[in-house]
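Heads up, my_file_34.cif below (mmCIF, C-alpha atoms):
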data_data
loop_
_atom_site.label_atom_id
_atom_site.label_comp_id
_atom_site.auth_asym_id
_atom_site.auth_seq_id
_atom_site.Cartn_x
_atom_site.Cartn_y
_atom_site.Cartn_z
CA MET A 88 0.00 0.00 0.00
CA ILE A 89 1.34 3.44 -0.97
CA ALA A 90 0.41 6.48 1.10
CA LEU A 91 1.49 10.11 1.09
CA GLY A 92 1.87 12.32 4.16
CA VAL A 93 1.64 16.11 3.98
CA ASP A 94 3.22 18.09 6.83
CA ILE A 95 2.87 21.88 6.88
CA GLY A 96 5.30 23.31 9.40
CA THR A 97 6.25 26.84 10.37
CA THR A 98 9.37 26.72 8.19
CA ASN A 99 8.92 23.88 5.70
CA LEU A 100 6.16 22.07 3.83
CA LYS A 101 7.03 18.41 3.38
CA VAL A 102 5.36 15.56 1.51
CA CYS A 103 6.57 12.03 2.22
CA ARG A 104 5.75 8.77 0.44
CA VAL A 105 5.67 5.49 2.32
CA PRO A 106 6.86 2.82 2.39
CA ASP A 107 9.88 3.98 0.34
CA GLY A 108 10.42 7.21 2.35
CA SER A 109 10.79 9.62 -0.58
CA VAL A 110 10.41 13.26 0.52
CA ARG A 111 9.78 16.55 -1.28
CA SER A 112 10.14 19.81 0.64
CA VAL A 113 9.75 23.56 0.06
CA ARG A 114 9.65 26.61 2.30
CA THR A 115 6.15 27.09 3.69
CA PRO A 116 4.47 29.91 1.71
CA ASP A 117 2.88 32.76 3.67
CA ASP A 118 0.01 33.03 1.19
CA ALA A 119 -2.93 30.62 1.30
CA GLU A 120 -3.29 30.18 -2.47
CA ALA A 121 0.47 29.67 -2.86
CA LEU A 122 0.33 27.10 -0.06
CA GLN A 123 -2.46 25.19 -1.78
CA HIS A 124 -0.58 25.28 -5.08
CA ALA A 125 2.57 23.92 -3.38
CA VAL A 126 0.61 21.08 -1.75
CA ARG A 127 -0.90 20.03 -5.07
CA ARG A 128 2.48 20.23 -6.83
CA LEU A 129 4.40 18.14 -4.28
CA VAL A 130 1.62 15.56 -4.05
CA ALA A 131 1.59 15.30 -7.85
CA GLU A 132 5.37 14.84 -7.96
CA LEU A 133 5.30 11.96 -5.49
CA SER A 134 2.21 10.45 -7.10
CA GLU A 135 3.68 10.31 -10.59
CA GLY A 136 3.87 6.74 -11.81
CA GLN A 137 2.42 5.45 -8.49
CA ARG A 138 -0.93 4.06 -7.43
CA VAL A 139 -1.50 6.12 -4.28
CA ASP A 140 -4.02 4.54 -1.89
CA ALA A 141 -4.27 7.21 0.83
CA ILE A 142 -3.12 10.72 1.73
CA GLY A 143 -2.73 12.04 5.28
CA ILE A 144 -2.41 15.70 6.33
CA THR A 145 -0.79 17.12 9.45
CA ALA A 146 0.22 20.69 10.21
CA MET A 147 1.10 23.34 12.75
CA ALA A 148 -1.72 24.74 14.85
CA GLU A 149 -2.96 28.29 15.56
CA THR A 150 -2.26 29.42 11.99
CA GLY A 151 -4.97 30.30 9.49
CA VAL A 152 -6.59 32.84 7.23
CA PRO A 153 -10.03 34.46 6.73
CA LEU A 154 -11.63 33.55 3.37
CA ASP A 155 -14.24 35.60 1.49
CA ARG A 156 -17.47 34.46 -0.20
CA GLU A 157 -15.51 32.95 -3.09
CA LEU A 158 -13.17 31.26 -0.59
CA ARG A 159 -10.31 33.54 -1.53
CA PRO A 160 -7.89 34.69 1.21
CA LEU A 161 -8.49 38.14 2.65
CA THR A 162 -5.02 38.34 4.25
CA LYS A 163 -1.71 36.51 4.31
CA LEU A 164 -1.59 33.55 6.66
CA ILE A 165 -1.83 34.76 10.26
CA THR A 166 0.61 32.49 12.07
CA TRP A 167 1.02 31.49 15.69
CA ARG A 168 4.11 33.71 15.76
CA ASP A 169 2.33 36.92 14.65
CA GLN A 170 0.13 37.30 17.75
CA PRO A 171 -1.56 40.63 16.89
CA GLY A 172 -4.07 40.35 19.75
CA VAL A 173 -1.83 40.84 22.79
CA GLU A 174 -4.16 43.46 24.26
CA GLN A 175 -7.28 41.43 23.45
CA ALA A 176 -5.88 38.37 25.26
CA ARG A 177 -5.96 40.34 28.50
CA GLN A 178 -9.77 40.50 28.25
CA LEU A 179 -10.16 36.76 28.94
CA ASP A 180 -10.03 34.92 32.27
CA PRO A 181 -7.15 32.40 32.11
CA ALA A 182 -8.71 29.97 34.59
CA ASP A 183 -12.09 30.02 32.88
CA LEU A 184 -10.57 29.53 29.42
CA TYR A 185 -8.55 26.56 30.68
CA ALA A 186 -11.57 24.96 32.35
CA ARG A 187 -13.44 25.07 29.03
CA THR A 188 -10.73 24.47 26.45
CA GLY A 189 -7.72 22.98 28.25
CA LEU A 190 -5.58 25.78 26.81
CA ARG A 191 -3.29 28.23 28.51
CA LEU A 192 -4.29 31.76 27.62
CA SER A 193 -1.99 33.16 24.94
CA ALA A 194 -2.05 35.82 22.25
CA LYS A 195 -1.34 33.12 19.67
CA LEU A 196 -4.83 31.61 20.01
CA PRO A 197 -7.00 32.33 16.94
CA VAL A 198 -9.97 33.38 19.10
CA VAL A 199 -7.82 36.29 20.27
CA THR A 200 -6.81 37.10 16.69
CA TRP A 201 -10.49 37.17 15.69
CA ARG A 202 -11.24 39.59 18.52
CA TRP A 203 -8.39 41.79 17.29
CA LEU A 204 -9.89 41.74 13.77
CA LYS A 205 -13.31 42.54 15.23
CA GLU A 206 -11.96 45.58 17.06
CA THR A 207 -9.51 46.85 14.43
CA GLN A 208 -10.83 45.61 11.04
CA PRO A 209 -14.58 44.96 11.41
CA ALA A 210 -15.20 45.35 7.67
CA LEU A 211 -12.74 42.53 6.91
CA LEU A 212 -14.32 40.30 9.52
CA ALA A 213 -17.76 41.02 8.07
CA ARG A 214 -16.52 39.83 4.66
CA THR A 215 -15.22 36.57 6.12
CA ARG A 216 -17.17 33.51 5.06
CA LEU A 217 -14.81 30.94 6.58
CA TRP A 218 -11.73 30.76 8.80
CA ALA A 219 -9.42 28.06 7.47
CA GLY A 220 -6.37 26.62 9.20
CA VAL A 221 -3.43 25.45 7.14
CA PRO A 222 -4.43 21.73 7.19
CA ASP A 223 -7.96 22.76 6.14
CA LEU A 224 -6.43 24.63 3.19
CA ALA A 225 -4.43 21.54 2.23
CA LEU A 226 -7.55 19.37 2.40
CA ALA A 227 -9.43 21.81 0.16
CA ALA A 228 -6.51 21.91 -2.28
CA LEU A 229 -6.74 18.13 -2.72
CA THR A 230 -10.50 17.50 -2.37
CA GLY A 231 -12.31 20.82 -2.89
CA SER A 232 -13.93 20.68 0.56
CA TYR A 233 -13.05 22.20 3.93
CA ALA A 234 -12.99 20.37 7.27
CA MET A 235 -10.99 20.52 10.52
CA HIS A 236 -9.41 17.82 12.69
CA LEU A 237 -10.40 17.71 16.36
CA THR A 238 -6.85 18.49 17.55
CA HIS A 239 -6.71 21.62 15.39
CA ALA A 240 -10.22 22.69 16.37
CA GLN A 241 -9.21 22.54 20.04
CA ARG A 242 -6.26 24.90 19.41
CA LEU A 243 -8.58 27.69 18.21
CA GLY A 244 -9.59 28.55 21.78
CA VAL A 245 -13.34 28.09 21.25
CA LEU A 246 -13.87 24.32 21.57
CA ASP A 247 -15.37 22.88 24.75
CA LEU A 248 -12.97 20.02 25.37
CA GLN A 249 -15.41 17.82 27.25
CA SER A 250 -18.30 17.96 24.79
CA ARG A 251 -16.18 18.50 21.63
CA GLN A 252 -18.66 21.23 20.67
CA TRP A 253 -18.10 24.92 19.99
CA ASP A 254 -18.43 27.13 23.06
CA GLN A 255 -20.97 29.78 22.08
CA GLU A 256 -19.79 32.35 24.59
CA LEU A 257 -16.20 32.14 23.33
CA LEU A 258 -17.40 32.30 19.72
CA GLU A 259 -19.30 35.47 20.54
CA TYR A 260 -16.22 36.95 22.18
CA GLY A 261 -14.12 36.25 19.09
CA GLY A 262 -16.84 37.44 16.76
CA LEU A 263 -16.32 34.66 14.22
CA ASP A 264 -18.34 31.45 14.05
CA ARG A 265 -17.82 30.57 10.38
CA LEU A 266 -15.65 27.51 10.83
CA PRO A 267 -15.17 24.24 8.92
CA ALA A 268 -16.96 21.15 10.17
CA VAL A 269 -14.96 19.19 12.74
CA VAL A 270 -14.12 15.64 11.72
CA GLU A 271 -13.45 12.95 14.26
CA PRO A 272 -9.94 11.47 14.41
CA MET A 273 -8.96 8.37 12.43
CA ALA A 274 -11.54 8.94 9.68
CA VAL A 275 -11.57 9.83 5.98
CA ALA A 276 -12.29 13.55 5.52
CA GLY A 277 -12.66 13.61 1.72
CA THR A 278 -11.45 12.19 -1.57
CA THR A 279 -9.43 13.59 -4.44
CA PRO A 280 -10.93 13.84 -7.95
CA ALA A 281 -9.06 10.60 -8.68
CA GLY A 282 -10.82 8.90 -5.76
CA VAL A 283 -7.91 8.79 -3.29
CA PRO A 284 -9.12 8.98 0.35
CA VAL A 285 -7.67 11.91 2.32
CA VAL A 286 -7.35 11.78 6.11
CA LEU A 287 -6.91 14.78 8.42
CA CYS A 288 -4.42 13.44 10.98
CA GLY A 289 -4.10 16.34 13.43
CA HIS A 290 -1.56 18.62 15.10
CA ASP A 291 1.97 17.92 13.83
CA HIS A 292 3.61 17.55 17.26
CA LEU A 293 1.01 14.95 18.22
CA VAL A 294 1.20 13.11 14.89
CA GLY A 295 4.97 12.92 15.28
CA ALA A 296 4.51 11.46 18.77
CA TRP A 297 2.02 8.89 17.45
CA ALA A 298 4.41 7.96 14.62
CA ALA A 299 7.18 7.45 17.19
CA GLY A 300 5.03 4.88 18.97
CA VAL A 301 3.95 7.07 21.87
CA ARG A 302 0.35 5.85 22.04
CA GLU A 303 -0.36 4.83 25.64
CA PRO A 304 0.09 6.27 29.15
CA GLY A 305 3.62 5.71 30.45
CA GLN A 306 5.24 6.83 27.21
CA VAL A 307 6.52 10.36 26.58
CA ALA A 308 7.36 12.08 23.30
CA ASP A 309 10.07 14.74 23.12
CA SER A 310 9.53 16.82 19.97
CA LEU A 311 12.80 18.70 19.73
CA GLY A 312 13.52 21.51 17.31
CA THR A 313 13.81 25.28 17.55
CA ALA A 314 11.40 24.85 20.46
CA GLU A 315 10.72 21.69 22.46
CA ALA A 316 7.38 20.06 23.25
CA ILE A 317 6.90 17.27 25.80
CA ILE A 318 3.79 15.17 25.11
CA THR A 319 2.34 12.68 27.59
CA PRO A 320 -0.74 10.62 26.65
CA SER A 321 -3.23 9.95 29.43
CA SER A 322 -6.19 7.59 29.72
CA GLY A 323 -8.62 10.55 29.68
CA LEU A 324 -8.93 14.29 30.01
CA VAL A 325 -7.72 16.00 33.18
CA LEU A 326 -8.70 19.67 33.41
CA SER A 327 -7.24 20.53 36.80
CA ASP A 328 -6.34 24.18 37.31
CA VAL A 329 -3.09 22.96 38.84
CA LEU A 330 -2.03 21.91 35.33
CA ARG A 331 -2.73 25.42 34.06
CA GLN A 332 -0.74 26.95 36.90
CA GLN A 333 2.20 24.75 35.91
CA GLY A 334 1.98 25.91 32.29
CA ILE A 335 0.64 22.60 30.96
CA SER A 336 -2.04 22.41 28.26
CA MET A 337 -4.47 19.50 28.04
CA SER A 338 -6.07 18.16 24.88
CA TRP A 339 -7.39 15.14 23.08
CA TYR A 340 -4.75 12.97 21.48
CA VAL A 341 -4.71 12.33 17.72
CA ASP A 342 -6.45 8.98 18.17
CA GLY A 343 -9.47 10.73 19.74
CA ARG A 344 -9.51 8.20 22.60
CA HIS A 345 -6.74 9.34 24.91
CA GLY A 346 -6.11 12.71 26.44
CA CYS A 347 -2.65 14.21 26.44
CA ALA A 348 -0.69 16.86 28.29
CA VAL A 349 1.67 19.19 26.43
CA SER A 350 4.41 21.39 27.86
CA GLY A 351 6.56 23.71 25.78
CA ASN A 352 10.05 25.15 26.07
CA GLY A 353 10.72 27.94 23.59
CA ALA A 354 14.44 27.91 24.46
CA ALA A 355 15.69 24.60 23.10
CA GLY A 356 17.39 24.08 19.74
CA GLY A 357 16.94 27.76 18.97
CA LEU A 358 18.80 28.74 22.12
CA VAL A 359 21.66 26.39 21.29
CA GLU A 360 21.86 27.88 17.80
CA GLN A 361 21.91 31.43 19.17
CA ARG A 362 24.64 30.58 21.67
CA LEU A 363 26.76 28.91 19.00
CA ALA A 364 26.47 32.03 16.84
CA SER A 365 27.50 34.28 19.73
CA LEU A 366 30.54 32.07 20.34
CA ASP A 367 31.34 31.89 16.60
CA ARG A 368 31.09 28.08 16.60
CA ASP A 369 29.18 25.57 14.45
CA TYR A 370 27.41 22.24 14.96
CA THR A 371 30.44 20.16 13.95
CA TRP A 372 32.37 21.83 16.76
CA LEU A 373 29.43 21.36 19.15
CA ASN A 374 29.15 17.65 18.43
CA ALA A 375 32.84 17.23 19.25
CA ALA A 376 32.47 19.35 22.41
CA LEU A 377 29.58 17.20 23.68
CA GLU A 378 31.47 13.91 23.29
CA PRO A 379 32.64 11.84 25.00
CA VAL A 380 29.95 12.04 27.66
CA GLY A 381 30.90 11.47 31.26
CA MET A 382 29.93 13.50 34.29
CA PRO A 383 27.47 16.37 33.82
CA SER A 384 28.92 19.85 33.82
CA ASP A 385 29.87 21.41 37.17
CA GLN A 386 28.81 24.75 35.74
CA PHE A 387 25.18 25.57 36.50
CA ILE A 388 22.85 27.24 33.98
CA ALA A 389 19.16 28.07 34.30
CA PRO A 390 18.39 28.06 30.54
CA TYR A 391 15.60 30.65 30.36
CA PRO A 392 16.63 33.78 28.40
CA GLN A 393 13.00 34.85 27.99
CA GLY A 394 11.48 33.24 31.05
CA ARG A 395 10.01 29.77 31.45
CA GLN A 396 6.73 28.46 30.00
CA ALA A 397 6.49 25.29 32.09
CA PRO A 398 6.62 24.05 34.78
CA ALA A 399 6.29 26.91 37.28
CA PRO A 400 5.93 29.62 34.60
CA SER A 401 8.11 32.66 35.13
CA ASP A 402 8.85 35.86 33.17
CA GLU A 403 12.30 36.17 34.73
CA SER A 404 15.25 36.05 32.34
CA THR A 405 18.00 33.87 33.80
CA TYR A 406 20.44 33.42 30.90
CA ASP A 407 22.34 35.90 28.73
CA VAL A 408 22.83 34.40 25.28
CA THR A 409 25.64 36.81 24.37
CA ARG A 410 27.74 36.98 27.54
CA PRO A 411 31.46 36.23 27.00
CA VAL A 412 32.95 33.04 28.44
CA SER A 413 36.50 31.75 28.86
CA ASP A 414 35.68 28.12 27.99
CA PRO A 415 33.09 27.84 25.14
CA ALA A 416 33.08 24.03 25.20
CA GLU A 417 32.24 23.87 28.91
CA GLU A 418 29.60 26.58 28.41
CA MET A 419 27.85 24.52 25.72
CA ARG A 420 28.07 21.31 27.74
CA ALA A 421 26.48 23.10 30.69
CA LEU A 422 23.75 24.58 28.48
CA VAL A 423 22.86 21.23 26.88
CA ASP A 424 22.87 19.52 30.29
CA ALA A 425 20.51 22.18 31.65
CA LEU A 426 18.14 21.80 28.69
CA SER A 427 18.21 18.02 29.17
CA PHE A 428 17.35 18.31 32.84
CA HIS A 429 14.59 20.79 32.01
CA ALA A 430 13.00 18.33 29.57
CA ARG A 431 12.99 15.76 32.36
CA TRP A 432 11.35 18.26 34.71
CA MET A 433 8.56 18.95 32.21
CA ALA A 434 7.90 15.24 31.73
CA GLU A 435 8.04 14.42 35.44
CA GLU A 436 5.60 17.19 36.29
CA GLN A 437 3.14 16.04 33.65
CA ALA A 438 3.37 12.43 34.79
CA ARG A 439 3.03 13.40 38.47
CA LEU A 440 -0.05 15.55 37.96
CA LEU A 441 -1.71 12.99 35.67
CA GLY A 442 -0.89 10.07 37.99
CA ILE A 443 1.12 8.28 35.29
CA ASP A 444 4.16 6.06 35.73
CA TRP A 445 6.58 7.53 33.15
CA GLN A 446 8.70 4.70 31.79
CA HIS A 447 9.99 5.54 28.31
CA THR A 448 10.79 8.54 26.08
CA VAL A 449 11.18 8.82 22.31
CA ALA A 450 12.81 11.99 20.96
CA PHE A 451 12.53 13.22 17.38
CA GLY A 452 13.46 16.37 15.47
CA GLY A 453 16.58 18.02 14.10
CA PRO A 454 18.83 17.90 17.20
CA VAL A 455 18.62 14.08 17.47
CA ARG A 456 21.48 13.96 14.96
CA LEU A 457 23.80 15.25 17.72
CA GLY A 458 24.83 12.06 19.48
CA GLY A 459 26.39 13.76 22.50
CA TRP A 460 23.23 15.78 23.17
CA MET A 461 21.03 12.70 22.97
CA THR A 462 23.30 10.71 25.30
CA ARG A 463 23.09 13.57 27.80
CA LYS A 464 19.29 13.57 27.54
CA ALA A 465 19.28 9.82 28.13
CA LEU A 466 21.49 10.21 31.21
CA ALA A 467 19.32 13.05 32.51
CA SER A 468 16.12 10.97 32.23
CA GLY A 469 16.34 9.44 35.67
CA GLY A 470 17.05 5.85 34.65
CA ARG A 471 14.12 5.63 32.22
CA SER A 472 14.67 4.21 28.74
CA PHE A 473 15.36 6.81 26.06
CA ALA A 474 15.26 6.37 22.28
CA VAL A 475 15.66 8.63 19.26
CA LEU A 476 13.83 8.57 15.96
CA GLU A 477 16.29 9.54 13.25
CA SER A 478 13.97 10.82 10.55
CA SER A 479 13.93 14.14 8.74
CA ALA A 480 10.18 13.93 8.16
CA THR A 481 8.66 12.27 11.24
CA ALA A 482 5.29 14.08 11.13
CA ALA A 483 4.89 13.57 7.37
CA GLN A 484 5.71 9.87 7.72
CA GLY A 485 3.27 9.65 10.61
CA ALA A 486 0.50 11.25 8.54
CA ALA A 487 1.10 8.79 5.73
CA SER A 488 1.09 5.82 8.13
CA MET A 489 -2.07 7.01 9.87
CA ALA A 490 -3.87 7.49 6.55
CA ALA A 491 -2.83 3.99 5.49
CA GLU A 492 -4.19 2.58 8.76
CA VAL A 493 -7.51 4.40 8.39
CA VAL A 494 -8.00 3.28 4.80
CA SER A 495 -6.76 -0.31 5.14
CA GLY A 496 -7.90 -1.08 8.68
CA VAL A 497 -4.46 -2.55 9.41
CA PRO A 498 -2.75 -0.97 12.50
CA ALA A 499 0.35 0.99 11.52
CA GLU A 500 3.63 0.01 13.11
CA PRO A 501 5.56 2.82 14.82
CA LEU A 502 8.63 4.18 13.08
CA GLN A 503 11.80 2.45 14.23
CA ALA A 504 13.54 4.31 17.07
CA ARG A 505 17.07 3.65 18.29
CA ARG A 506 17.54 3.21 22.01
CA ILE A 507 20.40 5.17 23.60
CA GLU A 508 22.31 2.80 25.87
CA VAL A 509 23.94 4.28 28.95
CA ARG A 510 25.75 2.65 31.86
CA PRO A 511 23.55 2.35 34.96
CA GLN A 512 26.28 3.80 37.19
CA ASP A 513 26.52 6.88 34.94
CA ALA A 514 22.74 7.33 35.06
CA GLU A 515 22.89 7.14 38.86
CA THR A 516 25.51 9.89 38.92
CA TRP A 517 23.37 12.18 36.76
CA ASP A 518 20.32 11.33 38.86
CA GLY A 519 22.07 12.27 42.08
CA ALA A 520 23.39 15.61 43.21
CA PHE A 521 23.42 17.13 39.72
CA TRP A 522 19.69 16.60 39.06
CA HIS A 523 18.75 17.65 42.59
CA ARG A 524 20.87 20.81 42.30
CA PHE A 525 19.20 21.78 39.02
CA HIS A 526 15.69 21.02 40.23
CA LYS A 527 16.15 22.77 43.54
CA VAL A 528 17.58 25.96 42.04
CA VAL A 529 15.19 26.42 39.11
CA SER A 530 12.03 25.42 40.97
#
Before anything else, please render the file you have as structure tokens.
Amino acid sequence: MIALGVDIGTTNLKVCRVPDGSVRSVRTPDDAEALQHAVRRLVAELSEGQRVDAIGITAMAETGVPLDRELRPLTKLITWRDQPGVEQARQLDPADLYARTGLRLSAKLPVVTWRWLKETQPALLARTRLWAGVPDLALAALTGSYAMHLTHAQRLGVLDLQSRQWDQELLEYGGLDRLPAVVEPMAVAGTTPAGVPVVLCGHDHLVGAWAAGVREPGQVADSLGTAEAIITPSSGLVLSDVLRQQGISMSWYVDGRHGCAVSGNGAAGGLVEQRLASLDRDYTWLNAALEPVGMPSDQFIAPYPQGRQAPAPSDESTYDVTRPVSDPAEEMRALVDALSFHARWMAEEQARLLGIDWQHTVAFGGPVRLGGWMTRKALASGGRSFAVLESSATAAQGAASMAAEVVSGVPAEPLQARRIEVRPQDAETWDGAFWHRFHKVVS
């Protein structure tokens, strides 16, 4: 069976074909029509000479565009990074929003963007027939119809998480209720003119976690890139305000059966890249500096140049990316160790609050190619097993595999991850005074 997976990320649009793993990639356009054209072109390239049986779509969340009566875009894509509604976000009650939607209040939520449009560009909002997220645009490009996956609908800020229905009060606040129909997970959303079933697979971080085999409580996914997301499936939804206070969002998982907790760290791979630039070093140098791995660094770093999102959210800046140092190699070892311990802290806090026994982690994303970093993450994981998924297109592969499962009815095998082996005595060393020092100081 041949399936294609479409992944629309902040930086790149990728289409992957399974089982052979062929990938096509372009920069993600900032225009909706250009995006749709790129999706059709890459799908056509990978379909040429093939009998494609299914297509899956995954994408970033909180990014979309208002469409007019003819379903033409009224603006460029409004991305999760633009956040025009900072002032409007202050009009909502964070605890109330979390209790309804499972989301931490943020200016990146589309409901806040809609309110900003309502207050600053009411004529444009009045012309809007439909708000379409980027996966909805991809679906329409391939099938001619618009729909929205549950895990993207819940990132809008207007979906009641318990009932999976739109919250009318939040819709009225935003001023926009013209939304695509929500499709349930693991279902065909439409077909191409050639009759190929198309499946909306959900939020890209979650699809990557599912592809990595993180599908049951006890498993944790570490989606590592410019930012880092820790994803912990749970048996059901938990909407405790304690989770909100710790900076943890709660949502449905891509399978529609489990809940999942998500914590983010904006200072991950991006912070490492910034620090390397300030030290005039590159990744080849960094890889050599991080190996061989022995004891963690004696130098302590709290790696939060712009504050901390989770756990224990804080606006305090605790790290200067540009400060001079006498030993760049030791500085980078200390920074990577701190980021590794922070990832553990995020996962432990999620597992503790959800009552889950965390046993295993799978990491995926660009930095997994750095062996020394991954060994340090394994050592910092408190004796739990740690594996890496060495794929340049994890979410796209996951979307293809999920679409194949939906269409064929045959459960998809997880992508093959490589376990990082560490000596138990080394893990005990990292789990001792070094972990307790980090946790005590930053918390």
Convert the output of the PyMOL selection byres ((chain A and resi 529) around 10) on the shown file into explicit residues, formatted as a PyMOL selection string.
chain A and resi 388-391+395+398-399+405+429+524-528+530
Expanded to explicit residues, what is the PyMOL selection byres ((chain A and resi 96) around 8) for this file, as a list in words?
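Checking the PyMOL selection byres ((chain A and resi 96) around 8) against this file, the residues are Asp94, Ile95, Thr97, Thr98, Asn99, Leu100, Lys101, Thr115, Ala146, Met147 and Asp291 of chain A.
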Would you write out, as a PyMOL selection string, every residue that the PyMOL selection byres ((chain A and resi 323) around 12) captures in this file?
chain A and resi 248-249+303-304+319-322+324-326+337-340+342-348+441-443
Give me the residues within 12 Å of Ser109 in chain A as a PDB file with C-alpha atoms, keeping the file's coordinate frame, counting only C-alpha atoms and dropping any in the same chain fewer than 4 places off.
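Contents of selection27.pdb, freshly written:
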ATOM      1  CA  ILE A  89       1.340   3.440  -0.970  1.00  0.00           C
ATOM      2  CA  ALA A  90       0.410   6.480   1.100  1.00  0.00           C
ATOM      3  CA  LEU A  91       1.490  10.110   1.090  1.00  0.00           C
ATOM      4  CA  GLY A  92       1.870  12.320   4.160  1.00  0.00           C
ATOM      5  CA  LYS A 101       7.030  18.410   3.380  1.00  0.00           C
ATOM      6  CA  VAL A 102       5.360  15.560   1.510  1.00  0.00           C
ATOM      7  CA  CYS A 103       6.570  12.030   2.220  1.00  0.00           C
ATOM      8  CA  ARG A 104       5.750   8.770   0.440  1.00  0.00           C
ATOM      9  CA  VAL A 105       5.670   5.490   2.320  1.00  0.00           C
ATOM     10  CA  LEU A 129       4.400  18.140  -4.280  1.00  0.00           C
ATOM     11  CA  VAL A 130       1.620  15.560  -4.050  1.00  0.00           C
ATOM     12  CA  GLU A 132       5.370  14.840  -7.960  1.00  0.00           C
ATOM     13  CA  LEU A 133       5.300  11.960  -5.490  1.00  0.00           C
ATOM     14  CA  SER A 134       2.210  10.450  -7.100  1.00  0.00           C
ATOM     15  CA  SER A 478      13.970  10.820  10.550  1.00  0.00           C
ATOM     16  CA  SER A 479      13.930  14.140   8.740  1.00  0.00           C
ATOM     17  CA  ALA A 480      10.180  13.930   8.160  1.00  0.00           C
ATOM     18  CA  ALA A 483       4.890  13.570   7.370  1.00  0.00           C
ATOM     19  CA  GLN A 484       5.710   9.870   7.720  1.00  0.00           C
ATOM     20  CA  ALA A 487       1.100   8.790   5.730  1.00  0.00           C
TER      21      ALA A 487
END
Please provide the set of residues having any atom within 9 Å of Val359 in chain A, restricted to only C-alpha atoms, with same-chain residues fewer than 3 positions apart removed, written as a ChimeraX atom specification.
/A:313,354-356,362-364,419,422-423
Which of A:Leu476, A:Ala490, A:Leu466, A:Ala148 sits closest to Gln512 in chain A [using only C-alpha atoms]
A:Leu466
Around (-20.0, 18.5, 22.6), as given in the file, which residues come within 12 Å? Count all atoms listed in the file and list them as a count of residues only.
17
